[in-house]
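As provided, final-v1.txt (compact mmCIF, C-alpha atoms) reads as follows.
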```txt
# COMPACT_ATOMS: atom_id res chain seq x y z
CA MET A 1 -37.17 -108.12 54.07
CA GLU A 2 -40.86 -108.73 54.28
CA PRO A 3 -43.27 -106.00 53.12
CA ASN A 4 -44.99 -105.78 56.53
CA THR A 5 -41.65 -105.09 58.20
CA LEU A 6 -40.90 -102.32 55.69
CA ILE A 7 -44.30 -100.72 56.29
CA ALA A 8 -43.76 -100.82 60.08
CA LEU A 9 -40.32 -99.23 59.77
CA ALA A 10 -41.67 -96.49 57.48
CA ALA A 11 -44.52 -95.75 59.91
CA ALA A 12 -42.09 -95.54 62.84
CA ALA A 13 -39.84 -93.17 60.88
CA GLY A 14 -42.83 -90.97 60.02
CA VAL A 15 -43.96 -90.80 63.67
CA PHE A 16 -40.41 -89.92 64.73
CA CYS A 17 -40.12 -87.11 62.16
CA LEU A 18 -43.54 -85.71 63.12
CA GLY A 19 -42.65 -85.71 66.82
CA PHE A 20 -39.36 -84.00 66.08
CA LEU A 21 -41.11 -81.26 64.11
CA LEU A 22 -43.74 -80.67 66.79
CA LEU A 23 -41.53 -80.85 69.85
CA GLY A 24 -38.13 -79.83 68.66
CA SER A 25 -38.89 -77.07 66.12
CA GLY A 26 -39.15 -74.27 68.68
CA PRO A 27 -36.15 -72.76 70.42
CA SER A 28 -35.05 -74.28 73.68
CA LYS A 29 -34.91 -72.41 76.97
CA GLY A 30 -31.18 -71.99 76.58
CA ASP A 31 -31.57 -70.54 73.09
CA LEU A 32 -34.26 -68.16 74.36
CA ARG A 33 -32.04 -66.98 77.19
CA VAL A 34 -29.09 -66.46 74.81
CA LYS A 35 -31.22 -64.49 72.37
CA LYS A 36 -32.69 -62.31 75.14
CA LEU A 37 -29.23 -61.57 76.51
CA SER A 38 -28.01 -60.71 73.02
CA GLY A 39 -30.91 -58.31 72.54
CA ARG A 40 -32.87 -60.46 70.08
CA ASP A 41 -36.32 -61.50 71.22
CA PRO A 42 -37.60 -64.49 69.21
CA GLU A 43 -41.16 -63.33 69.70
CA THR A 44 -40.41 -60.09 67.87
CA SER A 45 -38.32 -61.54 65.09
CA GLY A 46 -41.17 -62.89 63.00
CA PHE A 47 -42.92 -61.26 60.08
CA LEU A 48 -46.20 -60.72 61.93
CA ALA A 49 -44.37 -59.19 64.87
CA ARG A 50 -42.61 -56.76 62.53
CA LEU A 51 -45.95 -55.82 61.03
CA LYS A 52 -47.35 -55.13 64.51
CA THR A 53 -44.32 -52.98 65.37
CA GLU A 54 -44.61 -51.00 62.16
CA ASP A 55 -48.36 -50.54 62.69
CA GLY A 56 -47.76 -49.30 66.25
CA GLY A 57 -45.10 -46.90 65.00
CA ASN A 58 -47.42 -45.50 62.32
CA ARG A 59 -50.20 -45.02 64.85
CA ARG A 60 -47.80 -43.30 67.24
CA LYS A 61 -46.75 -40.94 64.46
CA GLN A 62 -50.39 -40.19 63.65
CA ILE A 63 -51.12 -39.41 67.31
CA GLU A 64 -48.06 -37.15 67.54
CA GLU A 65 -49.03 -35.29 64.37
CA THR A 66 -52.61 -34.89 65.59
CA LEU A 67 -51.44 -33.57 68.97
CA GLY A 68 -49.09 -31.12 67.25
CA LYS A 69 -51.89 -29.72 65.12
CA ILE A 70 -54.19 -29.48 68.13
CA GLU A 71 -51.55 -27.60 70.14
CA GLU A 72 -51.07 -25.08 67.33
CA ARG A 73 -54.81 -24.48 67.12
CA GLN A 74 -55.03 -24.13 70.89
CA LYS A 75 -52.36 -21.41 70.93
CA THR A 76 -54.27 -19.44 68.31
CA LYS A 77 -57.56 -19.88 70.15
CA LYS A 78 -56.06 -18.77 73.47
CA LYS A 79 -54.97 -15.49 71.89
CA LYS A 80 -58.44 -14.92 70.46
CA ALA A 81 -60.11 -15.79 73.79
CA LYS A 82 -58.54 -12.73 75.47
CA ALA A 83 -60.16 -10.24 73.07
CA LEU A 84 -63.20 -8.25 74.18
CA PRO A 85 -65.69 -9.81 71.69
CA ALA A 86 -64.67 -13.28 72.82
CA ARG A 87 -64.98 -12.30 76.49
CA LEU A 88 -68.54 -11.08 75.91
CA ILE A 89 -69.39 -14.41 74.25
CA GLN A 90 -67.83 -16.32 77.16
CA ALA A 91 -70.04 -14.39 79.61
CA ASP A 92 -73.07 -15.18 77.40
CA TRP A 93 -73.87 -11.47 77.09
CA SER A 94 -75.79 -10.40 73.99
CA MET A 95 -73.91 -7.12 73.94
CA LYS A 96 -71.77 -5.71 71.18
CA PRO A 97 -68.21 -4.57 71.95
CA GLU A 98 -69.14 -1.02 70.89
CA THR A 99 -71.96 -0.93 73.44
CA PHE A 100 -69.62 -2.18 76.15
CA MET A 101 -67.05 0.51 75.34
CA ILE A 102 -69.75 3.19 75.44
CA ILE A 103 -70.83 1.97 78.90
CA CYS A 104 -67.20 2.11 80.07
CA ALA A 105 -66.85 5.67 78.75
CA VAL A 106 -70.07 6.80 80.46
CA ILE A 107 -68.98 5.31 83.80
CA GLY A 108 -65.55 6.96 83.45
CA ILE A 109 -67.06 10.37 82.68
CA ILE A 110 -69.44 10.16 85.63
CA ALA A 111 -66.68 8.95 87.96
CA ALA A 112 -64.44 11.84 86.91
CA GLY A 113 -67.14 14.52 86.66
CA LEU A 114 -68.68 14.18 90.12
CA PRO A 115 -65.43 14.66 92.10
CA PHE A 116 -64.43 17.53 89.79
CA ALA A 117 -67.78 19.23 90.47
CA LEU A 118 -67.12 18.86 94.19
CA GLY A 119 -63.85 20.76 93.84
CA MET A 120 -61.23 18.02 93.76
CA LYS A 121 -58.04 18.24 91.73
CA PRO A 122 -58.31 17.53 87.98
CA LEU A 123 -55.48 14.98 88.10
CA PHE A 124 -57.17 13.03 90.89
CA CYS A 125 -60.51 13.14 89.03
CA LEU A 126 -58.87 11.93 85.82
CA GLY A 127 -57.23 8.99 87.59
CA LEU A 128 -60.49 8.06 89.31
CA GLY A 129 -62.41 8.22 86.04
CA ILE A 130 -59.90 6.07 84.16
CA GLY A 131 -59.70 3.55 87.00
CA LEU A 132 -63.44 3.11 87.42
CA GLY A 133 -64.33 3.44 83.74
CA PHE A 134 -61.73 0.94 82.59
CA GLY A 135 -61.63 -1.39 85.59
CA MET A 136 -65.12 -1.77 87.03
CA PRO A 137 -66.97 -3.00 83.89
CA ARG A 138 -64.20 -5.49 83.15
CA PHE A 139 -64.24 -6.64 86.76
CA ILE A 140 -67.98 -7.35 86.46
CA LEU A 141 -67.41 -9.09 83.10
CA ASN A 142 -64.68 -11.32 84.52
CA GLY A 143 -66.90 -12.20 87.48
CA ALA A 144 -69.72 -13.26 85.15
CA ILE A 145 -67.31 -15.41 83.11
CA ASN A 146 -65.87 -17.09 86.21
CA ARG A 147 -69.32 -17.88 87.63
CA ARG A 148 -70.45 -19.39 84.34
CA GLN A 149 -67.31 -21.52 84.04
CA LYS A 150 -67.68 -22.80 87.61
CA LYS A 151 -71.27 -23.88 86.94
CA PHE A 152 -70.11 -25.61 83.76
CA THR A 153 -67.25 -27.55 85.36
CA ALA A 154 -69.40 -28.60 88.32
CA HIS A 155 -71.39 -31.03 86.11
CA PHE A 156 -68.95 -31.73 83.27
CA ALA A 157 -67.58 -34.96 84.80
CA ASP A 158 -71.14 -36.29 85.12
CA ALA A 159 -71.65 -35.57 81.42
CA MET A 160 -68.57 -37.64 80.60
CA ASP A 161 -70.01 -40.52 82.64
CA ILE A 162 -73.24 -40.31 80.62
CA ILE A 163 -71.26 -40.64 77.39
CA VAL A 164 -69.21 -43.55 78.77
CA ARG A 165 -72.30 -45.51 79.83
CA GLY A 166 -74.07 -44.78 76.56
CA VAL A 167 -71.12 -45.82 74.38
CA ARG A 168 -70.60 -49.03 76.37
CA THR A 169 -74.27 -49.97 75.96
CA GLY A 170 -74.15 -49.38 72.20
CA LEU A 171 -75.57 -45.87 71.81
CA PRO A 172 -73.92 -43.64 69.21
CA LEU A 173 -72.06 -40.54 70.36
CA GLY A 174 -74.68 -38.18 68.92
CA ASP A 175 -77.47 -39.68 71.05
CA CYS A 176 -75.31 -39.36 74.17
CA LEU A 177 -74.72 -35.70 73.40
CA LYS A 178 -78.49 -35.21 72.99
CA ILE A 179 -79.11 -36.76 76.42
CA ILE A 180 -76.62 -34.34 77.99
CA ALA A 181 -78.16 -31.40 76.11
CA HIS A 182 -81.69 -32.12 77.36
CA GLU A 183 -81.00 -33.45 80.86
CA SER A 184 -78.10 -31.33 82.16
CA PRO A 185 -78.55 -27.92 83.79
CA ASP A 186 -77.37 -24.73 82.16
CA PRO A 187 -74.81 -23.64 81.10
CA LEU A 188 -73.67 -27.23 80.43
CA GLY A 189 -76.95 -28.20 78.76
CA ALA A 190 -77.04 -25.00 76.71
CA GLU A 191 -73.52 -25.53 75.38
CA PHE A 192 -74.20 -29.13 74.39
CA ARG A 193 -77.49 -28.08 72.77
CA ARG A 194 -75.50 -25.75 70.54
CA VAL A 195 -73.16 -28.61 69.66
CA VAL A 196 -76.08 -30.93 68.83
CA GLU A 197 -77.84 -28.23 66.78
CA GLY A 198 -74.66 -27.48 64.86
CA GLU A 199 -74.06 -31.17 64.14
CA SER A 200 -77.67 -31.63 63.02
CA VAL A 201 -77.28 -28.98 60.30
CA GLY A 202 -74.11 -30.58 58.94
CA ILE A 203 -71.28 -28.91 60.85
CA PRO A 204 -68.51 -31.43 61.71
CA LEU A 205 -68.20 -32.43 65.32
CA ASP A 206 -64.63 -31.12 65.65
CA VAL A 207 -65.74 -27.69 64.42
CA CYS A 208 -68.64 -27.70 66.91
CA LEU A 209 -66.21 -28.52 69.71
CA GLU A 210 -63.88 -25.72 68.63
CA GLN A 211 -66.80 -23.28 68.78
CA MET A 212 -67.68 -24.68 72.19
CA TYR A 213 -64.11 -24.02 73.36
CA GLU A 214 -64.39 -20.43 72.12
CA ARG A 215 -67.49 -19.96 74.27
CA MET A 216 -66.04 -21.90 77.23
CA PRO A 217 -62.20 -21.71 77.12
CA ILE A 218 -61.39 -24.03 80.01
CA ALA A 219 -59.10 -27.04 80.28
CA GLU A 220 -61.96 -29.52 80.64
CA VAL A 221 -63.44 -28.68 77.24
CA ASN A 222 -59.95 -28.75 75.75
CA PHE A 223 -59.39 -32.28 77.12
CA PHE A 224 -62.75 -33.46 75.78
CA SER A 225 -62.11 -32.01 72.33
CA THR A 226 -58.61 -33.52 72.21
CA VAL A 227 -59.85 -37.01 73.14
CA LEU A 228 -62.55 -36.99 70.47
CA ASN A 229 -60.20 -35.64 67.79
CA ILE A 230 -57.56 -38.29 68.52
CA GLN A 231 -60.19 -41.05 68.60
CA LYS A 232 -61.60 -39.85 65.28
CA THR A 233 -58.15 -39.76 63.64
CA THR A 234 -56.48 -42.88 65.02
CA GLY A 235 -59.37 -44.95 66.38
CA GLY A 236 -59.50 -46.65 69.75
CA ASN A 237 -61.87 -47.37 72.61
CA LEU A 238 -63.88 -44.18 73.12
CA GLY A 239 -65.54 -45.46 76.30
CA GLU A 240 -62.24 -46.20 77.99
CA SER A 241 -60.73 -42.88 76.90
CA LEU A 242 -63.67 -40.87 78.23
CA ALA A 243 -63.72 -42.93 81.45
CA ASN A 244 -60.09 -41.95 82.02
CA LEU A 245 -60.99 -38.35 81.23
CA SER A 246 -63.84 -38.46 83.75
CA SER A 247 -61.49 -39.68 86.49
CA VAL A 248 -59.02 -36.91 85.61
CA LEU A 249 -61.76 -34.27 85.78
CA ARG A 250 -62.96 -35.52 89.15
CA GLY A 251 -59.39 -35.48 90.42
CA ARG A 252 -59.00 -31.86 89.24
CA LYS A 253 -62.24 -30.95 91.01
CA LEU A 254 -61.09 -32.52 94.28
CA LEU A 255 -57.74 -30.74 93.97
CA ARG A 256 -59.52 -27.45 93.34
CA GLU A 257 -61.67 -27.86 96.45
CA LYS A 258 -58.63 -28.84 98.52
CA ILE A 259 -56.74 -25.74 97.37
CA LYS A 260 -59.77 -23.60 98.20
CA ALA A 261 -59.90 -25.03 101.72
CA LEU A 262 -56.17 -24.62 102.32
CA SER A 263 -56.11 -21.03 101.02
CA ALA A 264 -59.28 -19.86 102.81
CA GLU A 265 -57.34 -18.60 105.83
CA ALA A 266 -54.87 -16.67 103.67
CA LYS A 267 -57.72 -15.12 101.67
CA MET A 268 -59.51 -13.98 104.79
CA SER A 269 -56.27 -12.47 106.13
CA ALA A 270 -55.77 -10.62 102.85
CA ILE A 271 -59.33 -9.24 102.99
CA ILE A 272 -58.88 -8.02 106.56
CA ILE A 273 -55.48 -6.45 105.84
CA GLY A 274 -56.80 -4.73 102.73
CA ALA A 275 -59.97 -3.40 104.37
CA LEU A 276 -58.38 -2.29 107.66
CA PRO A 277 -56.80 1.03 106.46
CA ILE A 278 -60.00 2.08 104.68
CA VAL A 279 -62.21 1.24 107.68
CA VAL A 280 -59.88 2.94 110.15
CA GLY A 281 -59.63 6.05 107.95
CA GLY A 282 -63.40 6.27 107.65
CA LEU A 283 -63.93 5.85 111.40
CA VAL A 284 -61.33 8.50 112.23
CA THR A 285 -62.94 10.87 109.72
CA VAL A 286 -66.34 10.40 111.39
CA ILE A 287 -65.04 10.72 114.94
CA SER A 288 -62.67 13.69 114.45
CA PRO A 289 -63.12 15.37 111.07
CA ASP A 290 -60.71 18.21 111.91
CA TYR A 291 -57.89 15.72 112.35
CA MET A 292 -58.36 14.37 108.77
CA THR A 293 -59.16 17.69 107.04
CA GLU A 294 -55.61 18.33 105.81
CA LEU A 295 -55.45 14.87 104.29
CA TYR A 296 -58.48 15.60 102.10
CA THR A 297 -57.95 19.31 101.31
CA THR A 298 -54.21 19.92 100.87
CA PRO A 299 -52.00 18.88 97.91
CA THR A 300 -49.73 16.98 100.29
CA GLY A 301 -52.70 15.05 101.62
CA HIS A 302 -53.86 14.24 98.10
CA ARG A 303 -50.38 13.01 97.19
CA ASN A 304 -50.27 10.84 100.29
CA LEU A 305 -53.68 9.41 99.48
CA MET A 306 -52.57 8.53 95.96
CA ILE A 307 -49.38 6.91 97.24
CA GLY A 308 -51.32 4.95 99.85
CA ALA A 309 -53.90 3.82 97.29
CA GLY A 310 -51.14 2.66 94.92
CA MET A 311 -49.41 0.73 97.69
CA MET A 312 -52.71 -0.87 98.70
CA VAL A 313 -53.37 -1.97 95.11
CA MET A 314 -49.85 -3.40 94.76
CA GLY A 315 -50.15 -5.23 98.09
CA SER A 316 -53.54 -6.68 97.14
CA VAL A 317 -52.20 -7.89 93.79
CA MET A 318 -49.18 -9.48 95.48
CA MET A 319 -51.36 -11.29 98.04
CA ARG A 320 -53.69 -12.48 95.28
CA LYS A 321 -50.74 -13.89 93.34
CA MET A 322 -49.53 -15.71 96.44
CA ILE A 323 -52.84 -17.42 97.18
CA ASN A 324 -54.07 -17.99 93.62
CA PHE A 325 -52.90 -21.44 92.51
CA LYS A 326 -52.99 -22.54 88.88
CA PHE A 327 -53.05 -26.24 88.02
```

Transcribe the structure of this file into structure tokens.
Amino acid sequence: MEPNTLIALAAAAGVFCLGFLLLGSGPSKGDLRVKKLSGRDPETSGFLARLKTEDGGNRRKQIEETLGKIEERQKTKKKKAKALPARLIQADWSMKPETFMIICAVIGIIAAGLPFALGMKPLFCLGLGIGLGFGMPRFILNGAINRRQKKFTAHFADAMDIIVRGVRTGLPLGDCLKIIAHESPDPLGAEFRRVVEGESVGIPLDVCLEQMYERMPIAEVNFFSTVLNIQKTTGGNLGESLANLSSVLRGRKLLREKIKALSAEAKMSAIIIGALPIVVGGLVTVISPDYMTELYTTPTGHRNLMIGAGMMVMGSVMMRKMINFKF
């Protein structure tokens, strides 16, 4: 056979082998269908696919471990947040717990001493002193904490949007926090200023956020701290995570306003029902004092007043529980 013929045959055989390798090396549609039905996906059977699966599993384990540690810390911090020193910090009062207790004792003594000087029963005076001395200062403290937390949450979603825009444009997280600290109204700006000042002197960001949660123990700060801790441990897109957090916070705000609107009628009814006996009793006392004298001067009247006051308190607490939604 001539050499040119042998070269042509060899070239044809090479082209045929190359075409077979390129076109026929992959699995056919039938093979793919059989492997999928048998539970074996050819796309996940390779070495690189196994590496991706193992990497995803390791990251999932890291996220689960991080969340477990965060939940344990949150349980401990919730217990500390209910103590009196923590409550004073949450209200942003520069008052020591000892001073607060002295104020409570003074109010209780005055509330018990004035009725006793007017000739009322010692047991009634003692109950009035304990109720006002223990309850009224804490009621004022809780009101100050709630007002401060409402002002904080009103602008917190906007702060998350500032961080998202800054991170997406290339600004570091610290600069975004500085913008929030200087541009946002108090108490949001004041809390972020404390975070920025703590970070500037070398305190880690997660510790600064834990201190921020101690001063402002609300779910929004907890979410923010959790997102940053997970992103620091496992990595990820911080802008996308905080954008999702911002949408969640705005959804919570809309839900809160909707609940407030739906429960406004029930709250007004509770106020009217609770104030009606006191108003009617006062009007009857002014119009016909002789008719109400036995209620205020006899032991039976005092007992009935105490029973009525206890029932009013129980009814008010029950109505508050019915119209106070937690989410």

Check your understanding: Closest to Lys178 (chain A) among A:Leu205, A:Gly166, A:Val196, A:Val284, using only C-alpha atoms?
Key ->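 Counting only C-alpha atoms, the residue closest to Lys178 (chain A) is A:Val196.
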
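Between CA of Ile103 (chain A) and CA of Ile130 (chain A) the interatomic distance comes to 12.8 Å.
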
Revision key, fill the gap. Closest of A:Leu173, A:Phe124, A:Glu199, A:Leu249 to Asn304 (chain A), counting only C-alpha atoms, is A:Phe124

With all atoms listed in the file counted and 8 Å as the cut-off, give the residues of region 121-208 of chain A in contact with region 227-244 of chain A, each with its shortest interatomic distance in Å and the pair that gives it, as JSON lines.
```
{"residue": "A:Met160", "atom": "CA", "partner": "A:Leu242", "partner_atom": "CA", "distance": 6.3}
{"residue": "A:Asp161", "atom": "CA", "partner": "A:Ala243", "partner_atom": "CA", "distance": 6.8}
{"residue": "A:Ile163", "atom": "CA", "partner": "A:Gly239", "partner_atom": "CA", "distance": 7.6}
{"residue": "A:Val164", "atom": "CA", "partner": "A:Gly239", "partner_atom": "CA", "distance": 4.8}
{"residue": "A:Arg165", "atom": "CA", "partner": "A:Gly239", "partner_atom": "CA", "distance": 7.6}
{"residue": "A:Val167", "atom": "CA", "partner": "A:Gly239", "partner_atom": "CA", "distance": 5.9}
{"residue": "A:Arg168", "atom": "CA", "partner": "A:Gly239", "partner_atom": "CA", "distance": 6.2}
{"residue": "A:Asp206", "atom": "CA", "partner": "A:Asn229", "partner_atom": "CA", "distance": 6.7}
```

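We find CA of Phe224 (chain A) and CA of Leu262 (chain A) to be spaced 28.7 Å apart.
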
Exercise for review: Compile the contact shell of region 84-89 of chain A as a PyMOL selection string: residues with an atom at most 8 Å away, counting only C-alpha atoms, same-chain residues fewer than 3 positions apart removed.
Suggested key: chain A and resi 80-81+92-97+141+145+214-215

Point to revise | Contact residues around region 300-303 of chain A with all atoms listed in the file at 12 Å, ignoring same-chain residues under 3 positions, as number ranges by chain | key: A: 120-125, 291-297, 306-310

Exercise for review: Please measure the separation of CA of Ala275 (chain A) and CA of Ser288 (chain A), giving the value in Å to one decimal.
Suggested key: 20.0 Å

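Compared by their closest atoms to Asn146 (chain A), and using only C-alpha atoms, the residues A:Gln90, A:Ile180, A:Arg250, A:Ala270 rank with A:Gln90 nearest.
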
Will you model all heavy atoms for region 129-140 of chain A and pass it back as a compact mmCIF listing (two decimals), keeping the file's coordinate frame?
```txt
# COMPACT_ATOMS: atom_id res chain seq x y z
N GLY A 129 -61.56 8.55 87.18
CA GLY A 129 -62.41 8.22 86.04
C GLY A 129 -61.84 7.09 85.20
O GLY A 129 -62.56 6.18 84.78
N ILE A 130 -60.52 7.13 84.95
CA ILE A 130 -59.90 6.07 84.16
C ILE A 130 -59.96 4.73 84.91
O ILE A 130 -60.25 3.68 84.32
CB ILE A 130 -58.44 6.44 83.82
CG1 ILE A 130 -58.42 7.64 82.86
CG2 ILE A 130 -57.71 5.26 83.20
CD1 ILE A 130 -57.04 8.18 82.58
N GLY A 131 -59.69 4.78 86.22
CA GLY A 131 -59.70 3.55 87.00
C GLY A 131 -61.07 2.88 87.04
O GLY A 131 -61.20 1.68 86.79
N LEU A 132 -62.10 3.68 87.33
CA LEU A 132 -63.44 3.11 87.42
C LEU A 132 -64.01 2.79 86.04
O LEU A 132 -64.65 1.76 85.86
CB LEU A 132 -64.37 4.07 88.17
CG LEU A 132 -64.10 4.23 89.66
CD1 LEU A 132 -65.08 5.23 90.27
CD2 LEU A 132 -64.19 2.90 90.38
N GLY A 133 -63.78 3.67 85.08
CA GLY A 133 -64.33 3.44 83.74
C GLY A 133 -63.71 2.26 83.04
O GLY A 133 -64.39 1.53 82.31
N PHE A 134 -62.41 2.04 83.25
CA PHE A 134 -61.73 0.94 82.59
C PHE A 134 -61.80 -0.34 83.41
O PHE A 134 -61.88 -1.43 82.85
CB PHE A 134 -60.27 1.32 82.34
CG PHE A 134 -59.50 0.28 81.59
CD1 PHE A 134 -59.59 0.17 80.22
CD2 PHE A 134 -58.68 -0.61 82.27
CE1 PHE A 134 -58.88 -0.80 79.52
CE2 PHE A 134 -57.97 -1.60 81.59
CZ PHE A 134 -58.07 -1.68 80.21
N GLY A 135 -61.76 -0.21 84.74
CA GLY A 135 -61.63 -1.39 85.59
C GLY A 135 -62.93 -2.02 86.03
O GLY A 135 -63.08 -3.25 86.00
N MET A 136 -63.91 -1.21 86.44
CA MET A 136 -65.12 -1.77 87.03
C MET A 136 -65.94 -2.60 86.05
O MET A 136 -66.37 -3.72 86.37
CB MET A 136 -65.98 -0.66 87.63
CG MET A 136 -67.15 -1.18 88.46
SD MET A 136 -68.04 0.12 89.31
CE MET A 136 -68.81 0.96 87.93
N PRO A 137 -66.21 -2.14 84.81
CA PRO A 137 -66.97 -3.00 83.89
C PRO A 137 -66.26 -4.31 83.57
O PRO A 137 -66.90 -5.36 83.48
CB PRO A 137 -67.12 -2.13 82.63
CG PRO A 137 -66.98 -0.73 83.12
CD PRO A 137 -65.97 -0.80 84.22
N ARG A 138 -64.94 -4.26 83.43
CA ARG A 138 -64.20 -5.49 83.15
C ARG A 138 -64.16 -6.42 84.37
O ARG A 138 -64.14 -7.64 84.22
CB ARG A 138 -62.78 -5.16 82.69
CG ARG A 138 -62.73 -4.68 81.26
CD ARG A 138 -61.41 -4.08 80.87
NE ARG A 138 -61.37 -3.79 79.44
CZ ARG A 138 -61.96 -2.75 78.87
NH1 ARG A 138 -62.65 -1.89 79.63
NH2 ARG A 138 -61.88 -2.56 77.57
N PHE A 139 -64.16 -5.82 85.55
CA PHE A 139 -64.24 -6.64 86.76
C PHE A 139 -65.58 -7.39 86.83
O PHE A 139 -65.63 -8.58 87.15
CB PHE A 139 -64.07 -5.75 87.99
CG PHE A 139 -64.15 -6.47 89.30
CD1 PHE A 139 -63.08 -7.21 89.77
CD2 PHE A 139 -65.31 -6.41 90.05
CE1 PHE A 139 -63.16 -7.88 90.98
CE2 PHE A 139 -65.40 -7.08 91.26
CZ PHE A 139 -64.32 -7.82 91.73
N ILE A 140 -66.66 -6.72 86.48
CA ILE A 140 -67.98 -7.35 86.46
C ILE A 140 -68.03 -8.42 85.36
O ILE A 140 -68.58 -9.51 85.56
CB ILE A 140 -69.07 -6.29 86.25
CG1 ILE A 140 -69.09 -5.32 87.43
CG2 ILE A 140 -70.44 -6.95 86.10
CD1 ILE A 140 -70.02 -4.14 87.24
```
